[in-house]
$ cat work.txt   # compact mmCIF, C-alpha atoms
# COMPACT_ATOMS: atom_id res chain seq x y z
CA MET D 279 20.42 15.19 4.07
CA GLY D 280 16.90 15.02 5.53
CA ALA D 281 16.01 12.06 3.31
CA GLU D 282 19.33 10.28 3.85
CA LEU D 283 19.32 10.55 7.64
CA GLY D 284 15.57 9.90 7.70
CA SER D 285 15.99 6.61 5.86
CA MET D 286 18.89 5.72 8.18
CA ARG D 287 16.61 6.39 11.15
CA VAL D 288 13.74 4.33 9.71
CA THR D 289 16.00 1.36 8.90
CA GLU D 290 17.55 1.50 12.40
CA GLN D 291 21.02 2.31 11.07
CA ILE D 292 21.34 5.22 13.51
CA ASP D 293 20.37 2.94 16.41
CA ALA D 294 22.93 0.41 15.13
CA MET D 295 25.61 3.12 15.34
CA GLU D 296 24.61 3.91 18.92
CA VAL D 297 24.90 0.29 19.99
CA SER D 298 28.29 0.15 18.26
CA SER D 299 29.48 2.73 20.80
CA THR D 300 29.51 5.48 18.19
CA ASN D 301 28.02 8.91 18.72
CA PRO D 302 25.78 9.25 15.63
CA VAL D 303 25.49 13.03 16.04
CA ARG D 304 29.26 13.40 15.78
CA PHE D 305 29.57 10.84 12.99
CA LEU D 306 26.60 11.83 10.85
CA VAL D 307 25.46 15.33 11.77
CA VAL D 308 28.64 17.28 12.54
CA THR D 309 30.37 16.10 9.36
CA ARG D 310 27.40 17.02 7.17
CA VAL D 311 26.91 20.45 8.74
CA LEU D 312 30.63 21.25 8.31
CA ALA D 313 30.50 20.04 4.71
CA ALA D 314 27.50 22.28 4.02
CA ILE D 315 29.19 25.31 5.65
CA LEU D 316 32.26 24.82 3.46
CA MET D 317 30.59 23.82 0.22
CA ILE D 318 27.59 26.19 -0.04
CA PRO D 319 29.89 29.26 -0.49
CA LEU D 320 31.81 27.39 -3.19
CA LEU D 321 28.56 26.36 -4.86
CA THR D 322 27.40 29.98 -4.70
CA LEU D 323 30.59 31.18 -6.41
CA TYR D 324 30.15 28.46 -9.02
CA ALA D 325 26.52 29.50 -9.59
CA ASP D 326 27.57 33.19 -9.83
CA ALA D 327 30.22 32.31 -12.42
CA LEU D 328 27.67 30.34 -14.45
CA GLY D 329 25.26 33.27 -14.18
CA ILE D 330 27.85 35.70 -15.57
CA MET D 331 28.68 33.31 -18.41
CA GLY D 332 24.97 32.95 -19.12
CA SER D 333 24.59 36.71 -19.25
CA TRP D 334 27.44 36.95 -21.73
CA ALA D 335 25.87 34.22 -23.84
CA GLY D 336 22.50 36.05 -23.63
CA ALA D 337 24.09 39.32 -24.70
CA ASN D 338 25.57 37.57 -27.73
CA LEU D 339 22.24 36.20 -28.89
CA LYS D 340 21.32 39.53 -30.43
CA GLY D 341 24.56 41.47 -30.43
CA ASP D 342 28.24 40.84 -30.76
CA VAL D 343 29.94 41.49 -27.41
CA GLY D 344 33.48 40.29 -26.83
CA PHE D 345 34.17 38.32 -23.65
CA THR D 346 36.87 40.72 -22.42
CA LEU D 347 34.67 43.76 -23.03
CA PHE D 348 31.70 42.07 -21.32
CA MET D 349 33.73 41.16 -18.25
CA ALA D 350 35.31 44.60 -18.04
CA GLN D 351 31.89 46.27 -18.19
CA ALA D 352 30.30 43.78 -15.81
CA PHE D 353 32.93 44.23 -13.12
CA LYS D 354 33.24 48.00 -13.63
CA TYR D 355 30.40 48.59 -11.18
CA VAL D 356 31.16 45.69 -8.81
CA ASP D 357 33.78 46.04 -6.10
CA PHE D 358 35.10 44.09 -3.14
CA THR D 359 32.46 45.42 -0.73
CA ASP D 360 29.72 44.08 -3.00
CA LEU D 361 31.30 40.66 -3.10
CA MET D 362 32.19 40.07 0.55
CA PRO D 363 28.73 40.33 2.21
CA ALA D 364 27.31 38.13 -0.55
CA ILE D 365 29.90 35.44 0.16
CA ILE D 366 29.89 35.72 3.97
CA LYS D 367 26.15 35.18 4.23
CA THR D 368 26.41 31.93 2.27
CA PHE D 369 28.37 30.37 5.17
CA PHE D 370 25.26 30.98 7.28
CA PHE D 371 23.06 29.57 4.51
CA GLY D 372 25.21 26.43 4.57
CA ALA D 373 24.94 26.13 8.35
CA VAL D 374 21.17 26.52 8.26
CA ILE D 375 20.72 24.04 5.38
CA GLY D 376 22.97 21.49 7.11
CA ILE D 377 21.46 21.85 10.59
CA VAL D 378 17.84 21.83 9.41
CA GLY D 379 18.37 18.90 7.01
CA CYS D 380 20.16 16.82 9.63
CA TYR D 381 17.73 17.71 12.42
CA LYS D 382 14.66 16.77 10.37
CA GLY D 383 16.24 13.53 9.15
CA TYR D 384 17.67 12.54 12.52
CA HIS D 385 14.31 13.01 14.20
CA ALA D 386 12.23 11.35 11.48
CA GLY D 387 9.56 9.04 12.83
CA SER D 388 9.12 5.39 11.94
CA GLY D 389 7.90 4.24 8.54
CA THR D 390 8.86 5.25 5.03
CA GLU D 391 6.32 8.09 5.04
CA SER D 392 8.45 9.85 7.66
CA VAL D 393 11.38 10.01 5.22
CA GLY D 394 9.32 12.00 2.70
CA LYS D 395 7.97 14.23 5.45
CA ALA D 396 11.47 14.83 6.84
CA ALA D 397 12.87 15.73 3.41
CA ASN D 398 9.91 17.96 2.56
CA SER D 399 9.87 19.85 5.85
CA ALA D 400 13.66 20.25 5.71
CA VAL D 401 13.44 21.92 2.29
CA VAL D 402 10.57 24.20 3.34
CA LEU D 403 12.11 25.25 6.67
CA ALA D 404 15.64 25.68 5.28
CA SER D 405 14.33 27.79 2.37
CA LEU D 406 12.38 29.99 4.77
CA LEU D 407 15.38 30.44 7.06
CA VAL D 408 17.66 31.24 4.11
CA ILE D 409 15.25 34.02 3.06
CA ILE D 410 15.14 35.36 6.63
CA ILE D 411 18.95 35.27 6.95
CA ASP D 412 19.22 37.02 3.58
CA MET D 413 16.90 39.77 4.80
CA ILE D 414 18.93 40.19 7.98
CA ALA D 415 22.17 40.23 5.96
CA VAL D 416 20.81 43.03 3.75
CA GLN D 417 19.85 45.07 6.83
CA ILE D 418 23.28 44.60 8.37
CA THR D 419 24.99 45.50 5.10
CA ASP D 420 22.87 48.65 4.87
CA MET D 421 23.63 49.60 8.49
CA LEU D 422 27.33 49.17 7.90
CA ALA D 423 26.96 51.13 4.63
CA LEU D 424 28.81 48.45 2.69
CA MET U 285 -5.85 -3.90 30.98
CA SER U 286 -7.04 -7.27 32.32
CA GLU U 287 -6.18 -8.42 35.79
CA ARG U 288 -4.85 -11.76 34.58
CA THR U 289 -2.82 -13.49 37.25
CA THR U 290 0.79 -14.05 36.33
CA THR U 291 1.42 -17.77 36.36
CA ALA U 292 5.20 -17.88 36.12
CA MET U 293 6.43 -21.46 36.19
CA LYS U 294 9.44 -22.28 38.23
CA PRO U 295 11.99 -23.31 35.62
CA LYS U 296 13.66 -26.65 36.04
CA PRO U 297 16.98 -26.05 37.77
CA ASP U 298 18.90 -28.42 35.48
CA ALA U 299 17.55 -26.64 32.42
CA VAL U 300 18.54 -23.15 33.40
CA ALA U 301 21.12 -23.19 36.14
CA LYS U 302 23.98 -22.24 33.84
CA GLY U 303 25.06 -19.27 35.86
CA GLU U 304 24.06 -16.11 37.56
CA ALA U 305 21.96 -13.31 36.10
CA VAL U 306 23.76 -11.14 33.55
CA ILE U 307 20.71 -8.96 32.98
CA GLU U 308 18.25 -8.32 35.78
CA MET U 309 14.98 -6.54 35.08
CA LYS U 310 12.84 -5.61 38.07
CA ASP U 311 9.41 -3.95 37.94
CA VAL U 312 10.25 -2.25 34.64
CA SER U 313 7.54 0.06 33.34
CA LYS U 314 7.42 1.99 30.11
CA ALA U 315 4.58 3.99 28.58
CA PHE U 316 4.25 6.03 25.39
CA GLY U 317 1.77 8.71 26.44
CA GLU U 318 -1.34 6.91 27.66
CA LEU U 319 -0.23 3.59 26.20
CA LYS U 320 1.39 1.37 28.83
CA VAL U 321 3.77 -1.01 27.09
CA LEU U 322 5.64 -2.50 30.04
CA SER U 323 4.03 -2.60 33.42
CA GLY U 324 6.04 -4.10 36.27
CA PHE U 325 8.07 -6.48 34.09
CA THR U 326 10.44 -8.65 36.11
CA ALA U 327 12.81 -11.28 34.70
CA ASP U 328 16.48 -12.28 34.55
CA LEU U 329 18.77 -13.42 31.76
CA LEU U 330 21.15 -16.02 33.11
CA GLN U 331 24.78 -16.51 32.13
CA GLY U 332 25.09 -18.76 29.09
CA GLU U 333 21.37 -19.25 28.45
CA ASN U 334 19.14 -18.48 25.50
CA LEU U 335 16.00 -16.77 26.79
CA VAL U 336 13.25 -16.44 24.19
CA VAL U 337 10.66 -13.70 24.69
CA LEU U 338 7.32 -14.43 23.06
CA GLY U 339 4.35 -12.13 22.86
CA LYS U 340 1.76 -10.60 20.59
CA SER U 341 2.68 -7.74 18.28
CA GLY U 342 2.81 -4.51 20.26
CA SER U 343 3.26 -6.33 23.56
CA GLY U 344 6.52 -4.47 24.23
CA LYS U 345 9.12 -7.09 23.37
CA SER U 346 11.27 -4.83 21.21
CA VAL U 347 10.77 -1.92 23.62
CA LEU U 348 12.13 -4.15 26.38
CA ILE U 349 15.43 -4.94 24.65
CA LYS U 350 15.80 -1.32 23.49
CA CYS U 351 15.48 -0.30 27.17
CA ILE U 352 18.22 -2.80 28.05
CA VAL U 353 20.77 -1.16 25.70
CA GLY U 354 19.62 2.34 26.53
CA LEU U 355 18.10 3.15 23.14
CA LEU U 356 14.89 3.87 25.06
CA THR U 357 14.59 5.03 28.65
CA TYR U 358 12.22 3.26 31.00
CA ASP U 359 9.87 5.14 33.28
CA ALA U 360 10.20 3.05 36.45
CA GLY U 361 11.89 -0.04 37.80
CA SER U 362 15.42 -1.23 37.37
CA ILE U 363 17.48 -2.87 34.62
CA THR U 364 21.00 -3.94 35.46
CA VAL U 365 23.44 -5.29 32.89
CA MET U 366 26.31 -7.18 34.50
CA GLY U 367 25.52 -5.46 37.77
CA GLU U 368 25.34 -1.91 36.39
CA GLU U 369 22.07 0.03 36.45
CA VAL U 370 21.31 1.20 32.90
CA SER U 371 19.32 4.32 33.84
CA ALA U 372 22.20 5.58 36.02
CA MET U 373 24.80 5.27 33.25
CA GLU U 374 26.48 8.32 31.75
CA ARG U 375 27.14 8.32 28.00
CA THR U 376 30.63 6.86 28.42
CA GLU U 377 29.38 4.12 30.74
CA LEU U 378 26.55 3.37 28.33
CA SER U 379 29.10 3.13 25.55
CA ALA U 380 31.24 0.73 27.63
CA MET U 381 28.19 -1.42 28.41
CA ARG U 382 27.24 -1.57 24.72
CA GLN U 383 30.65 -3.02 23.95
CA LYS U 384 29.59 -6.09 25.92
CA VAL U 385 26.05 -6.27 24.57
CA GLY U 386 25.48 -7.07 20.90
CA PHE U 387 22.17 -6.15 19.27
CA LEU U 388 20.78 -7.80 16.16
CA PHE U 389 18.17 -5.51 14.64
CA GLN U 390 14.95 -6.76 13.09
CA SER U 391 15.77 -5.06 9.79
CA GLY U 392 19.44 -6.01 9.94
CA ALA U 393 20.31 -2.29 10.04
CA LEU U 394 23.33 -2.72 7.76
CA TYR U 395 24.87 0.60 6.73
CA ASP U 396 23.71 0.78 3.13
CA SER U 397 26.50 3.11 2.00
CA MET U 398 29.18 0.64 3.14
CA THR U 399 30.32 -2.73 1.87
CA VAL U 400 30.02 -5.84 4.04
CA ARG U 401 33.71 -5.47 5.02
CA GLU U 402 33.18 -1.82 6.02
CA ASN U 403 30.02 -2.76 7.94
CA LEU U 404 32.02 -5.21 10.04
CA MET U 405 35.03 -2.89 10.30
CA PHE U 406 32.82 -0.09 11.70
CA PRO U 407 32.24 -1.57 15.19
CA LEU U 408 35.70 -3.19 15.22
CA THR U 409 37.56 0.12 14.78
CA ARG U 410 35.51 1.64 17.60
CA ILE U 411 35.34 -1.20 20.10
CA LYS U 412 38.46 -3.28 19.39
CA LYS U 413 40.87 -0.40 18.91
CA GLU U 414 43.79 -2.49 20.18
CA LEU U 415 43.67 -4.76 17.10
CA SER U 416 45.94 -4.07 14.12
CA ALA U 417 44.49 -3.71 10.62
CA ASP U 418 45.59 -7.26 9.74
CA GLU U 419 44.03 -8.69 12.91
CA MET U 420 40.79 -6.88 12.13
CA GLU U 421 40.77 -8.29 8.60
CA THR U 422 41.39 -11.80 9.97
CA LYS U 423 38.59 -11.36 12.51
CA ILE U 424 36.19 -10.18 9.80
CA LEU U 425 36.99 -13.17 7.61
CA GLU U 426 36.59 -15.52 10.57
CA VAL U 427 33.10 -14.32 11.51
CA LEU U 428 32.01 -14.20 7.87
CA GLU U 429 33.12 -17.82 7.51
CA ASN U 430 31.17 -18.65 10.67
CA VAL U 431 27.99 -17.29 9.11
CA GLY U 432 28.83 -18.89 5.76
CA LEU U 433 29.22 -15.68 3.78
CA ALA U 434 32.95 -15.11 3.37
CA ASN U 435 32.42 -14.62 -0.37
CA ALA U 436 30.13 -11.62 0.26
CA ILE U 437 32.86 -9.50 1.85
CA ASN U 438 32.97 -6.91 -0.94
CA LYS U 439 29.24 -6.79 -1.66
CA MET U 440 26.96 -3.88 -0.85
CA PRO U 441 23.93 -4.57 1.39
CA SER U 442 21.62 -3.87 -1.57
CA GLU U 443 23.12 -6.91 -3.32
CA LEU U 444 22.19 -9.26 -0.46
CA SER U 445 19.01 -11.28 0.12
CA GLY U 446 17.01 -10.98 3.37
CA GLY U 447 18.63 -14.08 4.86
CA MET U 448 22.11 -12.93 3.87
CA ARG U 449 21.47 -9.54 5.45
CA LYS U 450 20.48 -11.20 8.72
CA ARG U 451 23.61 -13.35 8.62
CA ILE U 452 25.87 -10.36 7.91
CA SER U 453 24.11 -8.45 10.65
CA LEU U 454 24.78 -11.35 13.02
CA ALA U 455 28.42 -11.36 11.88
CA ARG U 456 28.63 -7.62 12.65
CA THR U 457 27.17 -8.31 16.10
CA ILE U 458 29.58 -11.12 17.02
CA VAL U 459 32.71 -9.58 15.46
CA VAL U 460 33.36 -7.61 18.67
CA ASP U 461 32.96 -10.69 20.93
CA PRO U 462 29.98 -9.54 23.02
CA ASN U 463 29.08 -11.35 26.25
CA ILE U 464 25.37 -10.87 25.66
CA ILE U 465 23.41 -10.79 22.38
CA LEU U 466 19.92 -9.35 22.03
CA TYR U 467 18.11 -10.64 18.94
CA ASP U 468 15.13 -8.61 17.72
CA GLU U 469 13.00 -10.99 15.66
CA PRO U 470 15.92 -12.70 13.88
CA THR U 471 13.75 -14.89 11.63
CA THR U 472 10.94 -12.49 10.76
CA GLY U 473 10.34 -12.18 7.03
CA LEU U 474 12.48 -15.19 6.14
CA ASP U 475 11.42 -18.43 4.46
CA PRO U 476 11.25 -21.57 6.67
CA VAL U 477 14.57 -22.96 5.41
CA THR U 478 16.47 -19.73 6.02
CA SER U 479 14.71 -19.35 9.40
CA ASP U 480 15.99 -22.79 10.37
CA GLU U 481 19.50 -21.81 9.27
CA ILE U 482 19.36 -18.64 11.39
CA SER U 483 18.09 -20.65 14.40
CA ALA U 484 20.98 -23.09 13.96
CA LEU U 485 23.35 -20.14 13.73
CA ILE U 486 22.02 -18.71 17.00
CA LEU U 487 22.79 -22.03 18.71
CA GLU U 488 26.23 -22.18 17.09
CA VAL U 489 27.02 -18.64 18.27
CA GLN U 490 25.93 -19.52 21.82
CA LYS U 491 28.12 -22.61 21.80
CA LYS U 492 31.17 -21.09 20.14
CA TYR U 493 31.23 -17.62 21.73
CA LYS U 494 29.70 -18.65 25.10
CA THR U 495 27.17 -15.84 24.88
CA SER U 496 23.99 -15.25 26.86
CA SER U 497 21.14 -14.30 24.54
CA MET U 498 17.69 -12.81 24.70
CA ILE U 499 15.73 -13.60 21.56
CA ILE U 500 12.56 -11.74 20.65
CA THR U 501 10.50 -13.76 18.20
CA HIS U 502 7.08 -14.81 16.96
CA ASP U 503 8.56 -17.86 15.31
CA LEU U 504 7.64 -20.81 17.53
CA LYS U 505 9.81 -23.24 15.63
CA CYS U 506 12.80 -20.97 16.23
CA ALA U 507 11.75 -20.43 19.86
CA VAL U 508 11.53 -24.14 20.67
CA LYS U 509 14.77 -24.87 18.83
CA VAL U 510 16.98 -22.23 20.45
CA ALA U 511 15.44 -21.61 23.88
CA ASP U 512 16.69 -22.78 27.23
CA ARG U 513 13.75 -20.87 28.70
CA ILE U 514 10.77 -19.15 27.13
CA LEU U 515 9.10 -16.10 28.57
CA MET U 516 5.66 -14.99 27.45
CA LEU U 517 5.02 -11.28 27.67
CA ASN U 518 1.43 -10.11 28.00
CA ASP U 519 -0.09 -6.88 29.28
CA GLY U 520 3.41 -5.54 29.87
CA LYS U 521 4.46 -8.22 32.33
CA VAL U 522 5.61 -11.83 32.46
CA HIS U 523 2.65 -14.07 31.76
CA LEU U 524 4.52 -17.35 31.79
CA LEU U 525 8.12 -18.44 32.17
CA GLY U 526 9.34 -21.97 31.62
CA THR U 527 11.19 -24.45 29.47
CA PRO U 528 10.11 -25.12 25.86
CA LYS U 529 8.70 -28.48 26.99
CA GLU U 530 6.64 -26.84 29.70
CA PHE U 531 5.27 -24.39 27.18
CA GLU U 532 4.33 -27.13 24.74
CA GLN U 533 2.47 -28.96 27.50
CA SER U 534 0.89 -25.84 28.99
CA GLU U 535 -2.90 -25.58 29.06
CA ASP U 536 -2.79 -21.82 29.53
CA GLU U 537 -5.19 -20.19 27.08
CA LEU U 538 -2.75 -17.60 25.72
CA VAL U 539 0.09 -20.09 25.40
CA SER U 540 -2.20 -22.60 23.67
CA SER U 541 -3.31 -19.92 21.21
CA PHE U 542 0.35 -19.44 20.30
CA PHE U 543 1.38 -23.09 20.20
CA ASN U 544 -1.71 -24.49 18.51
$ encode --input "work.txt" --output "structure tokens"
Amino acid sequence: MGAELGSMRVTEQIDAMEVSSTNPVRFLVVTRVLAAILMIPLLTLYADALGIMGSWAGANLKGDVGFTLFMAQAFKYVDFTDLMPAIIKTFFFGAVIGIVGCYKGYHAGSGTESVGKAANSAVVLASLLVIIIDMIAVQITDMLAL
Amino acid sequence: MSERTTTAMKPKPDAVAKGEAVIEMKDVSKAFGELKVLSGFTADLLQGENLVVLGKSGSGKSVLIKCIVGLLTYDAGSITVMGEEVSAMERTELSAMRQKVGFLFQSGALYDSMTVRENLMFPLTRIKKELSADEMETKILEVLENVGLANAINKMPSELSGGMRKRISLARTIVVDPNIILYDEPTTGLDPVTSDEISALILEVQKKYKTSSMIITHDLKCAVKVADRILMLNDGKVHLLGTPKEFEQSEDELVSSFFN
């Protein structure tokens, strides 16, 4: 997002939208942030599912564990209260990734170098904020004894 | 900054008296930090004329036209577009003003994720909402034919040459029938033949759509060909204003350095 909007800024496409009587924030930023908020939780679930399948494959490298048995054992110690905080916080991850990526790209300077800088700083700042949000989420989960 | 005296020529009435001012700029100043780009710039764009703005790189030509459409804010002075002060406009008023003022960007600024048709449809669906889908399609085909690129309607911008991009960009500008067109270096980076074609297109657009245009350029051939008046910008203000003929005959040092 940072690179895409950054290159649009550098090539004056965002200015072109403004002079076409279009609000570029609404057209470019809001849509991307909403998409990130909706898709990051789905991506997280997808990644979790792949992780579980990988674990099952790993367990079968040395032993012989049936899929049904593996799943039953894996989910024996996981309940709804483990799952919900993990999913809820990913909505915030999505918001942060979308907002930071769009902000850095939208405010990229002139010149192609700015695109790289925008993308790089977006990744660094979004990663940092995701870690901070994760820490806060853990504290809240602990406080609520979930 | 030098204290060069502004030697604005009085333009010949028959050459410029096409109408009243559609854009009036009075004592416009703009600085980026310590760098003064415009410093008491005063000029008018008259109804139906092509006003070419010449000046060295970094003299504030592009900043000037970006101030006119509100992409940049000016620090002091006044810019009025069709009688409305730009700095006093709210977002909705700015949006309404931009529907009357077309802007051709130096880079073309085509949306690279959209086809040529979608690029032209984008401003149409926002500015000419009253048109039906069929009318919009007809309008798109008409302007593409006017710029000689009707066959490029389904192409992506990455498939177009520099000259084609400029033409499509011009088509996108005129598709919404603006009263005023601001051209930011329309021939920069193009070969002489394509530059000539773009200059001819600028004249055609003026004639066919009855537009008033302000053209920022370094290209003297283009300037002389399309201009009703030429304005030379130096040290953030008008250095010289006159007809192309007056510029060619001028003995002013800065003008001579450009024309010779």
$ interface_residues --input "work.txt" --of "chain U" --to "chain D" --cutoff "9 Å" --atoms "only C-alpha atoms" --output "ChimeraX atom specification"
/U:353-355,376,378-383,385-396,406-408,410-411,457
$ closest_residue --input "work.txt" --among "U:Val460, U:Leu454, U:Leu322, U:Val431" --to "U:Lys413" --atoms "only C-alpha atoms"
U:Val460
$ atom_distance --input "work.txt" --atom1 "atom CA of D:Pro302" --atom2 "atom CA of D:Gly284"
12.9 Å
$ residues_around --input "work.txt" --residues "D:Pro319" --least-positions-apart "4" --cutoff "8 Å" --atoms "all atoms listed in the file" --output "PyMOL selection string"
chain D and resi 315+323+365-366+368-369+372
$ closest_residue --input "work.txt" --among "U:Gly339, U:Gly317, U:Pro470, U:Pro528" --to "U:Gly447" --atoms "only C-alpha atoms"
U:Pro470
$ atom_distance --input "work.txt" --atom1 "atom CA of U:Glu532" --atom2 "atom CA of U:Gly324"
25.8 Å
$ atom_distance --input "work.txt" --atom1 "atom CA of D:Arg310" --atom2 "atom CA of U:Ser416"
28.9 Å
$ closest_residue --input "work.txt" --among "U:Thr501, U:Thr422, U:Thr326, U:Thr471" --to "U:Thr364" --atoms "only C-alpha atoms"
U:Thr326
$ closest_residue --input "work.txt" --among "D:Leu306, D:Met349, D:Ser285, D:Gly344" --to "D:Ser388" --atoms "all atoms listed in the file"
D:Ser285
$ closest_residue --input "work.txt" --among "D:Val393, D:Ile414, D:Leu403, D:Leu361" --to "D:Val378" --atoms "all atoms listed in the file"
D:Leu403
$ build_atoms --input "work.txt" --residues "stretch 331-343 of chain U" --atoms "N, CA and C atoms" --output "PDB file, keeping the file's coordinate frame"
ATOM      1  N   GLN U 331      23.514 -16.293  32.842  1.00  0.00           N
ATOM      2  CA  GLN U 331      24.780 -16.510  32.130  1.00  0.00           C
ATOM      3  C   GLN U 331      24.693 -17.768  31.255  1.00  0.00           C
ATOM      4  N   GLY U 332      24.980 -17.611  29.994  1.00  0.00           N
ATOM      5  CA  GLY U 332      25.090 -18.760  29.090  1.00  0.00           C
ATOM      6  C   GLY U 332      23.778 -19.301  28.544  1.00  0.00           C
ATOM      7  N   GLU U 333      22.657 -18.701  28.920  1.00  0.00           N
ATOM      8  CA  GLU U 333      21.370 -19.250  28.450  1.00  0.00           C
ATOM      9  C   GLU U 333      20.835 -18.480  27.241  1.00  0.00           C
ATOM     10  N   ASN U 334      19.918 -19.141  26.535  1.00  0.00           N
ATOM     11  CA  ASN U 334      19.140 -18.480  25.500  1.00  0.00           C
ATOM     12  C   ASN U 334      17.724 -18.296  26.043  1.00  0.00           C
ATOM     13  N   LEU U 335      17.341 -17.059  26.282  1.00  0.00           N
ATOM     14  CA  LEU U 335      16.000 -16.770  26.790  1.00  0.00           C
ATOM     15  C   LEU U 335      15.171 -16.207  25.639  1.00  0.00           C
ATOM     16  N   VAL U 336      14.106 -16.911  25.270  1.00  0.00           N
ATOM     17  CA  VAL U 336      13.250 -16.440  24.190  1.00  0.00           C
ATOM     18  C   VAL U 336      12.075 -15.676  24.782  1.00  0.00           C
ATOM     19  N   VAL U 337      11.807 -14.492  24.232  1.00  0.00           N
ATOM     20  CA  VAL U 337      10.660 -13.700  24.690  1.00  0.00           C
ATOM     21  C   VAL U 337       9.587 -13.752  23.617  1.00  0.00           C
ATOM     22  N   LEU U 338       8.458 -14.334  23.974  1.00  0.00           N
ATOM     23  CA  LEU U 338       7.320 -14.430  23.060  1.00  0.00           C
ATOM     24  C   LEU U 338       6.263 -13.412  23.457  1.00  0.00           C
ATOM     25  N   GLY U 339       5.445 -13.044  22.530  1.00  0.00           N
ATOM     26  CA  GLY U 339       4.350 -12.130  22.860  1.00  0.00           C
ATOM     27  C   GLY U 339       3.700 -11.626  21.595  1.00  0.00           C
ATOM     28  N   LYS U 340       2.484 -11.119  21.751  1.00  0.00           N
ATOM     29  CA  LYS U 340       1.760 -10.600  20.590  1.00  0.00           C
ATOM     30  C   LYS U 340       2.472  -9.349  20.062  1.00  0.00           C
ATOM     31  N   SER U 341       2.140  -8.976  18.832  1.00  0.00           N
ATOM     32  CA  SER U 341       2.680  -7.740  18.280  1.00  0.00           C
ATOM     33  C   SER U 341       2.233  -6.571  19.163  1.00  0.00           C
ATOM     34  N   GLY U 342       3.152  -5.675  19.437  1.00  0.00           N
ATOM     35  CA  GLY U 342       2.810  -4.510  20.260  1.00  0.00           C
ATOM     36  C   GLY U 342       2.794  -4.810  21.748  1.00  0.00           C
ATOM     37  N   SER U 343       3.279  -5.991  22.132  1.00  0.00           N
ATOM     38  CA  SER U 343       3.260  -6.330  23.560  1.00  0.00           C
ATOM     39  C   SER U 343       4.468  -5.761  24.299  1.00  0.00           C
TER      40      SER U 343
END
